[in-house]
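Next comes coords.cif, a file with mmCIF, C-alpha atoms.
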data_data
#
loop_
_atom_site.label_atom_id
_atom_site.label_comp_id
_atom_site.auth_asym_id
_atom_site.auth_seq_id
_atom_site.Cartn_x
_atom_site.Cartn_y
_atom_site.Cartn_z
CA MET A 14 -5.59 -8.38 -12.89
CA PRO A 15 -3.19 -6.67 -15.32
CA GLU A 16 -0.65 -8.56 -17.39
CA ALA A 17 2.95 -8.80 -16.20
CA LYS A 18 4.06 -6.67 -19.12
CA GLU A 19 1.78 -3.84 -18.03
CA VAL A 20 3.20 -3.94 -14.52
CA PHE A 21 6.80 -3.84 -15.73
CA THR A 22 6.01 -1.07 -18.19
CA GLU A 23 4.44 0.86 -15.33
CA ILE A 24 7.57 0.34 -13.23
CA GLN A 25 9.68 1.64 -16.08
CA ASN A 26 7.42 4.66 -16.49
CA ARG A 27 7.50 5.46 -12.80
CA ILE A 28 11.27 5.41 -12.78
CA LYS A 29 11.31 7.70 -15.80
CA SER A 30 8.84 10.09 -14.23
CA HIS A 31 10.85 10.38 -11.02
CA PRO A 32 14.45 10.55 -12.27
CA GLU A 33 15.65 12.00 -8.98
CA LYS A 34 14.94 8.70 -7.26
CA SER A 35 17.14 6.63 -9.54
CA ALA A 36 19.82 9.21 -10.28
CA GLY A 37 23.21 7.54 -10.65
CA LEU A 38 21.81 4.06 -10.17
CA ASN A 39 23.32 1.25 -12.22
CA ALA A 40 21.62 -2.10 -11.74
CA THR A 41 20.23 -5.02 -13.66
CA TYR A 42 17.18 -6.67 -12.17
CA GLN A 43 15.89 -9.99 -13.41
CA PHE A 44 12.38 -11.12 -12.54
CA ASP A 45 11.78 -14.85 -12.75
CA LEU A 46 8.04 -15.44 -12.72
CA SER A 47 6.00 -18.53 -13.64
CA GLY A 48 7.40 -19.47 -17.02
CA GLU A 49 8.59 -16.01 -17.99
CA SER A 50 11.49 -13.71 -17.23
CA TRP A 51 11.81 -9.96 -17.47
CA THR A 52 14.85 -7.76 -17.17
CA LEU A 53 14.95 -4.17 -15.98
CA LYS A 54 18.28 -2.52 -16.69
CA ILE A 55 18.93 0.83 -15.08
CA ALA A 56 21.98 2.63 -16.43
CA ASN A 57 22.81 5.94 -14.81
CA GLY A 58 19.23 6.11 -13.64
CA ALA A 59 17.69 5.42 -17.05
CA PRO A 60 15.50 2.30 -17.18
CA GLU A 61 15.25 -0.18 -20.05
CA LEU A 62 12.77 -3.03 -20.04
CA ILE A 63 13.61 -6.28 -21.82
CA GLN A 64 11.48 -9.39 -22.05
CA GLY A 65 13.66 -12.36 -21.16
CA PRO A 66 16.51 -13.07 -18.74
CA ALA A 67 19.58 -10.91 -18.24
CA GLN A 68 23.12 -12.04 -18.96
CA SER A 69 24.45 -11.12 -15.56
CA PRO A 70 21.82 -9.64 -13.27
CA ASN A 71 22.82 -7.94 -10.03
CA THR A 72 19.59 -9.04 -8.43
CA THR A 73 17.11 -11.73 -9.35
CA LEU A 74 13.62 -11.63 -7.86
CA ILE A 75 11.76 -14.92 -7.96
CA ALA A 76 8.03 -15.35 -7.43
CA THR A 77 5.02 -16.90 -9.05
CA THR A 78 3.37 -14.57 -11.50
CA ASP A 79 0.33 -14.32 -9.22
CA ASP A 80 2.39 -13.43 -6.15
CA TRP A 81 4.42 -10.89 -8.07
CA MET A 82 1.30 -9.27 -9.47
CA ASN A 83 -0.21 -9.15 -6.00
CA ILE A 84 2.90 -7.40 -4.71
CA ALA A 85 2.96 -4.92 -7.57
CA THR A 86 -0.73 -4.06 -7.29
CA GLY A 87 -0.82 -3.61 -3.52
CA LYS A 88 -2.51 -6.86 -2.60
CA LEU A 89 0.55 -8.29 -0.91
CA ASN A 90 3.07 -6.47 1.24
CA PRO A 91 6.57 -7.14 -0.17
CA VAL A 92 8.14 -7.64 3.25
CA THR A 93 5.41 -10.09 4.18
CA ALA A 94 5.89 -11.87 0.86
CA PHE A 95 9.61 -12.12 1.56
CA MET A 96 9.06 -13.48 5.06
CA GLN A 97 6.57 -16.02 3.74
CA GLN A 98 9.01 -17.06 1.01
CA LYS A 99 6.60 -16.01 -1.70
CA LEU A 100 9.27 -13.63 -2.89
CA LYS A 101 12.88 -14.77 -3.06
CA VAL A 102 15.86 -12.64 -3.84
CA LYS A 103 19.17 -13.76 -5.25
CA GLY A 104 22.14 -11.46 -5.50
CA ASP A 105 22.23 -7.94 -4.13
CA MET A 106 19.41 -7.65 -1.61
CA GLY A 107 20.14 -3.96 -1.18
CA LEU A 108 19.28 -3.32 -4.82
CA ALA A 109 16.03 -5.21 -4.35
CA MET A 110 15.09 -2.89 -1.54
CA LYS A 111 16.19 0.05 -3.64
CA LEU A 112 13.71 -1.05 -6.27
CA GLN A 113 10.92 -1.01 -3.72
CA GLY A 114 11.89 2.51 -2.84
CA LEU A 115 11.68 3.53 -6.49
CA LEU A 116 8.12 2.30 -6.67
CA GLN A 117 6.70 4.18 -3.69
CA MET B 5 5.55 -19.14 11.29
CA ASN B 6 8.11 -18.60 8.57
CA ARG B 7 9.85 -15.38 9.30
CA ARG B 8 13.02 -15.54 7.28
CA PRO B 9 13.47 -17.51 4.12
CA CYS B 10 17.00 -18.77 4.42
CA ASP B 11 20.09 -18.54 6.53
CA PRO B 12 22.39 -16.83 4.02
CA ILE B 13 20.01 -13.91 3.97
CA ARG B 14 19.40 -14.02 7.69
CA HIS B 15 23.07 -13.75 8.51
CA SER B 16 24.00 -11.28 5.86
CA ALA B 17 24.36 -7.71 6.97
CA ARG B 18 25.07 -5.79 3.78
CA LEU B 19 24.10 -2.19 3.97
CA VAL B 20 21.38 -1.01 1.68
CA THR B 21 21.39 2.44 0.28
CA ASP B 22 17.69 3.06 0.27
CA VAL B 23 15.30 2.72 3.13
CA SER B 24 12.65 1.65 0.65
CA VAL B 25 9.79 2.01 3.05
CA SER B 26 7.79 5.16 2.74
CA SER B 27 7.30 5.65 6.43
CA ARG B 28 11.00 5.99 7.18
CA ALA B 29 12.50 9.41 6.95
CA ALA B 30 14.55 10.02 3.82
CA ASN B 31 17.60 10.84 5.93
CA ALA B 32 17.27 7.82 8.21
CA ALA B 33 20.29 5.58 8.56
CA PRO B 34 20.45 2.77 5.96
CA LEU B 35 18.96 -0.54 6.95
CA THR B 36 20.67 -3.85 6.60
CA GLU B 37 18.56 -6.54 4.99
CA ARG B 38 18.25 -8.27 8.36
CA GLN B 39 16.97 -5.05 9.85
CA TRP B 40 14.54 -4.68 6.94
CA VAL B 41 13.00 -8.03 7.82
CA ARG B 42 13.03 -7.29 11.55
CA ARG B 43 11.26 -4.03 10.98
CA GLY B 44 8.69 -5.86 8.88
CA GLU B 45 8.17 -8.38 11.66
CA LEU B 46 7.63 -5.61 14.17
CA LEU B 47 5.13 -3.86 11.92
CA GLU B 48 3.20 -7.06 11.32
CA ALA B 49 3.15 -7.88 15.02
CA ALA B 50 2.19 -4.33 15.95
CA ARG B 51 -0.75 -4.33 13.59
CA GLY B 52 -2.05 -7.51 15.22
CA VAL B 53 -1.75 -6.01 18.70
CA PHE B 54 -3.30 -2.69 17.72
CA GLU B 55 -6.19 -4.55 16.12
CA ARG B 56 -6.70 -6.68 19.22
CA ASP B 57 -6.07 -4.18 22.01
CA GLY B 58 -6.68 -0.82 20.35
CA TYR B 59 -4.16 2.00 20.26
CA HIS B 60 -4.53 3.02 23.87
CA GLY B 61 -4.48 -0.56 25.12
CA THR B 62 -1.34 -1.47 23.21
CA THR B 63 2.06 -1.44 24.87
CA VAL B 64 5.52 -1.75 23.38
CA SER B 65 5.96 -4.84 25.56
CA ALA B 66 2.97 -6.50 23.92
CA ILE B 67 4.31 -5.68 20.45
CA VAL B 68 7.77 -7.10 21.08
CA GLN B 69 6.25 -10.15 22.71
CA ALA B 70 4.08 -10.75 19.66
CA ALA B 71 7.09 -10.26 17.38
CA GLY B 72 9.32 -12.53 19.45
CA LEU B 73 11.91 -9.79 19.75
CA SER B 74 13.47 -7.92 22.63
CA GLN B 75 12.32 -4.52 23.85
CA GLY B 76 15.71 -3.17 22.82
CA ALA B 77 15.18 -4.35 19.26
CA PHE B 78 11.97 -2.34 19.05
CA TYR B 79 13.72 0.92 19.82
CA LEU B 80 16.25 0.34 17.04
CA TYR B 81 13.43 0.89 14.58
CA PHE B 82 10.79 2.99 16.29
CA ALA B 83 10.93 5.73 18.89
CA ASP B 84 7.68 4.70 20.56
CA LYS B 85 4.21 3.25 20.07
CA LYS B 86 3.07 6.32 18.19
CA ALA B 87 5.89 5.94 15.66
CA VAL B 88 5.01 2.36 14.82
CA PHE B 89 1.34 3.24 14.46
CA ALA B 90 2.30 6.08 12.11
CA ALA B 91 4.49 3.73 10.05
CA LEU B 92 1.60 1.30 9.73
CA GLN B 93 -0.74 4.10 8.76
CA GLU B 94 1.55 5.09 5.88
CA GLU B 95 2.28 1.58 4.68
CA MET B 96 -1.37 0.57 4.66
CA ALA B 97 -2.17 3.74 2.75
CA THR B 98 0.42 2.73 0.15
CA LEU B 99 -1.28 -0.63 -0.29
CA LEU B 100 -4.67 1.01 -0.70
CA ARG B 101 -3.42 3.55 -3.24
CA ARG B 102 -1.80 0.81 -5.31
CA ARG B 103 -4.90 -1.33 -5.25
CA ILE B 104 -7.19 1.43 -6.43
CA TYR B 105 -4.70 2.55 -9.06
CA TRP B 106 -4.37 -0.89 -10.61
CA ALA B 107 -8.06 -1.69 -10.32
CA THR B 108 -9.07 1.40 -12.27
CA ARG B 109 -6.13 1.99 -14.58
CA ASP B 110 -7.42 0.21 -17.67
CA VAL B 111 -11.17 0.55 -17.26
CA ALA B 112 -12.38 2.76 -20.09
CA ASP B 113 -16.00 3.24 -19.03
CA ALA B 114 -16.26 5.88 -16.30
CA HIS B 115 -19.13 4.23 -14.44
CA ARG B 116 -17.36 0.88 -14.40
CA ARG B 117 -14.10 2.59 -13.40
CA LEU B 118 -15.86 4.19 -10.44
CA GLU B 119 -17.23 0.83 -9.36
CA ALA B 120 -13.86 -0.86 -9.87
CA GLY B 121 -12.15 1.69 -7.64
CA LEU B 122 -14.81 1.32 -4.97
CA GLN B 123 -14.63 -2.45 -5.16
CA ALA B 124 -10.86 -2.27 -4.60
CA TYR B 125 -11.53 -0.07 -1.58
CA PHE B 126 -14.12 -2.46 -0.12
CA GLU B 127 -11.85 -5.46 -0.71
CA TYR B 128 -9.03 -3.67 1.07
CA TYR B 129 -11.33 -2.71 3.94
CA GLN B 130 -12.56 -6.29 4.27
CA GLU B 131 -9.04 -7.69 4.34
CA TYR B 132 -7.88 -5.21 6.97
CA ALA B 133 -11.21 -4.53 8.68
CA ALA B 134 -9.88 -4.60 12.24
CA TRP B 135 -7.05 -2.21 11.35
CA ASN B 136 -9.40 0.14 9.54
CA ARG B 137 -11.71 0.17 12.52
CA ARG B 138 -8.88 1.13 14.88
CA LEU B 139 -7.69 3.77 12.48
CA THR B 140 -11.16 5.27 12.23
CA THR B 141 -12.13 5.13 15.88
CA GLU B 142 -8.80 5.92 17.51
CA GLY B 143 -6.24 6.98 14.92
CA LEU B 144 -7.53 10.44 14.25
CA ALA B 145 -7.62 11.30 17.93
CA ILE B 146 -3.99 10.45 18.66
CA ASP B 147 -2.64 13.75 17.43
CA GLU B 148 -2.74 16.08 14.45
CA SER B 149 -0.08 14.21 12.50
CA PHE B 150 -2.38 11.21 12.15
CA GLU B 151 -5.21 13.42 11.00
CA ARG B 152 -2.87 15.05 8.49
CA ARG B 153 -1.81 11.70 7.03
CA GLN B 154 -5.40 10.57 6.69
CA THR B 155 -6.31 13.85 5.05
CA GLU B 156 -3.42 13.44 2.60
CA LEU B 157 -4.61 9.96 1.72
CA ALA B 158 -8.17 11.17 1.23
CA GLN B 159 -6.90 14.04 -0.90
CA THR B 160 -4.87 11.66 -3.06
CA LEU B 161 -7.81 9.34 -3.58
CA ALA B 162 -10.28 12.15 -4.17
CA THR B 163 -7.94 13.65 -6.75
CA ALA B 164 -7.51 10.27 -8.42
CA PHE B 165 -11.29 9.91 -8.77
CA ARG B 166 -11.71 13.42 -10.12
CA PRO B 167 -11.33 12.72 -13.88
CA THR B 168 -13.81 9.87 -13.53
CA LEU B 169 -16.30 12.13 -11.78
CA GLU B 170 -15.89 14.77 -14.47
CA GLN B 171 -16.62 12.18 -17.15
CA LEU B 172 -19.73 11.21 -15.25
CA GLY B 173 -20.97 14.78 -15.27
CA VAL B 174 -20.54 15.31 -11.55
CA GLY B 175 -20.16 18.94 -10.55
CA GLU B 176 -17.92 20.27 -7.79
CA THR B 177 -15.56 17.31 -8.16
CA ALA B 178 -13.35 18.35 -5.26
CA LEU B 179 -16.27 18.28 -2.86
CA ALA B 180 -17.83 15.27 -4.56
CA GLY B 181 -14.61 13.26 -4.33
CA PHE B 182 -14.51 13.63 -0.56
CA ALA B 183 -18.21 12.89 -0.35
CA LEU B 184 -17.66 9.69 -2.30
CA LEU B 185 -14.92 8.60 0.11
CA GLY B 186 -17.14 9.44 3.05
CA ILE B 187 -20.00 7.35 1.71
CA ALA B 188 -17.66 4.43 1.02
CA SER B 189 -16.07 4.67 4.45
CA GLU B 190 -19.43 4.68 6.25
CA ILE B 191 -20.75 1.80 4.16
CA ALA B 192 -17.61 -0.25 4.89
CA TYR B 193 -17.86 0.44 8.61
CA TRP B 194 -21.54 -0.43 8.62
CA GLN B 195 -20.92 -3.64 6.69
CA HIS B 196 -18.27 -4.93 9.07
CA PHE B 197 -19.19 -3.48 12.45
CA GLN B 198 -22.73 -2.19 12.56
CA ARG B 199 -24.77 -4.53 10.35
CA ARG B 200 -27.19 -6.59 12.39
CA ASP B 201 -29.52 -9.03 10.67
CA GLU B 202 -28.98 -7.80 7.15
CA PRO B 203 -27.13 -10.25 4.90
CA SER B 204 -23.46 -9.65 4.20
CA MET B 205 -22.69 -8.08 0.84
CA SER B 206 -19.74 -8.76 -1.41
CA ALA B 207 -17.24 -6.02 -2.21
CA ALA B 208 -18.66 -5.86 -5.73
CA ALA B 209 -22.21 -5.44 -4.43
CA LEU B 210 -21.11 -2.78 -1.98
CA ALA B 211 -19.33 -0.94 -4.78
CA GLN B 212 -22.45 -0.99 -6.93
CA ALA B 213 -24.58 0.25 -4.06
CA CYS B 214 -22.11 2.97 -3.16
CA ALA B 215 -21.76 4.13 -6.77
CA SER B 216 -25.52 4.18 -7.16
CA LEU B 217 -26.05 6.20 -3.98
CA PHE B 218 -23.36 8.61 -5.01
CA LEU B 219 -24.33 9.04 -8.64
CA ASN B 220 -27.97 9.56 -7.84
CA GLY B 221 -27.09 12.30 -5.40
CA ALA B 222 -24.01 13.96 -6.75
CA PRO B 223 -25.48 15.29 -10.02
CA SER B 224 -27.97 17.26 -7.99
CA ILE B 225 -25.29 19.27 -6.20
CA PRO B 226 -25.96 22.88 -7.14
CA ALA B 227 -23.22 24.87 -8.78
CA HIS B 228 -21.10 26.63 -6.21
CA SER B 229 -21.58 30.36 -5.91
CA PRO B 230 -18.70 32.40 -4.56
CA GLN B 231 -19.40 33.95 -1.16
CA GLY B 232 -20.96 37.31 -1.50
CA ALA B 233 -22.22 36.71 -4.99
CA THR B 234 -25.67 38.00 -5.57
CA HIS B 235 -28.33 36.66 -7.80
CA ALA B 236 -31.13 38.49 -9.45
#
Written form, structure tokens:
Amino acid sequence: MPEAKEVFTEIQNRIKSHPEKSAGLNATYQFDLSGESWTLKIANGAPELIQGPAQSPNTTLIATTDDWMNIATGKLNPVTAFMQQKLKVKGDMGLAMKLQGLLQ
Amino acid sequence: MNRRPCDPIRHSARLVTDVSVSSRAANAAPLTERQWVRRGELLEAARGVFERDGYHGTTVSAIVQAAGLSQGAFYLYFADKKAVFAALQEEMATLLRRRIYWATRDVADAHRRLEAGLQAYFEYYQEYAAWNRRLTTEGLAIDESFERRQTELAQTLATAFRPTLEQLGVGETALAGFALLGIASEIAYWQHFQRRDEPSMSAAALAQACASLFLNGAPSIPAHSPQGATHA
């Protein structure tokens, strides 16, 4: 299984490679995993990845590292994870779903 | 069964600006988060019913009963049985593509990368064996749109394997990529639905067997000659 950093870097790269999907988007996502936090800031569609928590995230996604990695790598359906409480979302749920759309 | 994690989310109805699920049309009306979960519940329930009853034996009534929702709720999200089957087809394809991508992404050795991709495929097939069976035996016959989606998935996967096949010295990689998928698909079906007394094999063992079958056959594919070409 890849490291969390690889997955977040891949997310950043995918957003960069499909700028039309994130055009005009301004959002700060914080990912609270097992003992580590990552922040993905998207300003006017441009992503920036930061290791560590955000000052004021719009949306915080909370999961164990294993569950998050399973979601990111296709081993766990995000909606199923949400319904099973393996994935929790604080803040703007709409932005969380927007993120899923960016990753298709 | 835990369906919704907490009441604040359940009762919230903020509009979202992205449908976020590949199988919904880009111009579809935005979903609320509650609708997003409801749609997920319907898809999960529908998959169970399709797996149990088959496509032709499934009714919308059975799906909504399994989901614990009303018939009216179903039609808020899907036009009919065919639409929910199509949505499942696309979402399962997304899971498979992601799995193979991440399983192969960092494997430097081409032979091991091929096996890693095949192992991801066999693991996926094992986890969703009943769904894959229905898709294989009934899905393609529903109408051309289902065949087109399956062809697109096969094309995507075959293309993804192409650089690996080139590194392995396989000729005619376009043809070989589809052949590889065909071998893997038949092996998976045999393993789960046709095997009799033979012992069950792990996904890793199936991947090794599949790669071996493929690599011992594919290098012998003769170079393609354009139609009409003549040889001395």
_Spatial neighbours of stretch 104-113 of chain B, max dist 12 Å, only C-alpha atoms, sep filter under 5 positions, as a PyMOL selection string_ = (chain A and resi 14-16+19-20+23+82-88) or (chain B and resi 97-99+118-129+160-165+167-169+171-172)
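The space between atom CA of A:Leu74 and atom CA of B:Tyr132 spans 26.9 Å.
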*Could the residues of chain A within 8 Å of chain B, counting only C-alpha atoms, be given as an NGL selection string, please?*
:A and (14-15 or 85-90 or 92-93 or 95-98 or 101 or 106-108 or 110-115 or 117)
_Option closest in space to A:Asn71, from A:Thr52, A:Ser47, A:Thr41, A:Asn57 [counting only C-alpha atoms]_ =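 For A:Asn71, the nearest of the candidates is A:Thr41.
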_Surrounding residues of A:Ala59 excluding itself and chain neighbours under 5 positions, 9 Å, all atoms listed in the file, as an MDAnalysis selection string_ = chainID A and resid 25 28:29 32 35:39 54
*For A:Gln68, which residue out of A:Trp51, A:Asp105, A:Ala94, A:Arg27 is the nearest one, using all atoms listed in the file?*
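Residue with the minimum atom-to-atom distance to A:Gln68: A:Trp51.
In this model, the gap between atom CA of B:His115 and atom CA of B:Gln212 comes to 9.7 Å.
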*Figure out the distance between atom CA of B:Arg200 and atom CA of B:Phe218, please, to one decimal in Å.*
23.4 Å
*Which residue out of B:His196, B:Arg116, B:Lys85, B:Arg38 has the minimum interatomic distance to B:Ala208 when only C-alpha atoms are used?*
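Residue with the minimum atom-to-atom distance to B:Ala208: B:Arg116.
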*Quick one: apply the PyMOL selection byres ((chain A and resi 65) around 6) to the file and drop the selected residues here as number ranges by chain.*
A: 50-51, 64, 66
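Nearest residue to B:Glu148, choosing from B:Glu202, B:Gly221, B:Ala90, B:Ile67 and counting all atoms listed in the file: B:Ala90.
For the residues B:Glu176, B:Phe78, B:Arg152, B:Gln130, ranking by smallest atom-to-atom distance to B:Ser206 using all atoms listed in the file places B:Gln130 first.
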Counting all atoms listed in the file, what is within 6 Å of A:Thr73, bar same-chain residues fewer than 5 positions away, as a PDB file with C-alpha atoms, in the frame of the given file?
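Below is the file that was written, out_17.pdb:
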ATOM      1  CA  TYR A  42      17.180  -6.670 -12.170  1.00  0.00           C
ATOM      2  CA  GLN A  43      15.890  -9.990 -13.410  1.00  0.00           C
ATOM      3  CA  PHE A  44      12.380 -11.120 -12.540  1.00  0.00           C
ATOM      4  CA  VAL A 102      15.860 -12.640  -3.840  1.00  0.00           C
ATOM      5  CA  LYS A 103      19.170 -13.760  -5.250  1.00  0.00           C
TER       6      LYS A 103
END
List the residues selected by the PyMOL selection byres ((chain B and resi 81) around 9) in the file shown, writing them as a PDB file with C-alpha atoms, in the frame of the given file.
ATOM      1  CA  GLN B  39      16.970  -5.050   9.850  1.00  0.00           C
ATOM      2  CA  ARG B  42      13.030  -7.290  11.550  1.00  0.00           C
ATOM      3  CA  ARG B  43      11.260  -4.030  10.980  1.00  0.00           C
ATOM      4  CA  LEU B  46       7.630  -5.610  14.170  1.00  0.00           C
ATOM      5  CA  ALA B  77      15.180  -4.350  19.260  1.00  0.00           C
ATOM      6  CA  PHE B  78      11.970  -2.340  19.050  1.00  0.00           C
ATOM      7  CA  TYR B  79      13.720   0.920  19.820  1.00  0.00           C
ATOM      8  CA  LEU B  80      16.250   0.340  17.040  1.00  0.00           C
ATOM      9  CA  PHE B  82      10.790   2.990  16.290  1.00  0.00           C
ATOM     10  CA  ALA B  83      10.930   5.730  18.890  1.00  0.00           C
ATOM     11  CA  VAL B  88       5.010   2.360  14.820  1.00  0.00           C
TER      12      VAL B  88
END
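The residues returned by the PyMOL selection byres ((chain B and resi 60) around 10) for this structure are B:Phe54, B:Asp57, B:Gly58, B:Tyr59, B:Gly61, B:Thr62, B:Thr63, B:Lys85, B:Glu142, B:Gly143, B:Ile146.
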*Find the spatial neighbours of A:Lys99, counting only C-alpha atoms, within a cut-off of 8 Å - ignore same-chain residues fewer than 5 positions away - and output them as a ChimeraX atom specification.*
/A:76-77,80,94
Save out the residues we just selected, C-alpha atoms, as an mmCIF file, in the coordinates of the input.
data_model
loop_
_atom_site.group_PDB
_atom_site.id
_atom_site.type_symbol
_atom_site.label_atom_id
_atom_site.label_comp_id
_atom_site.auth_asym_id
_atom_site.auth_seq_id
_atom_site.Cartn_x
_atom_site.Cartn_y
_atom_site.Cartn_z
ATOM 1 C CA ALA A 76 8.030 -15.350 -7.430
ATOM 2 C CA THR A 77 5.020 -16.900 -9.050
ATOM 3 C CA ASP A 80 2.390 -13.430 -6.150
ATOM 4 C CA ALA A 94 5.890 -11.870 0.860
#
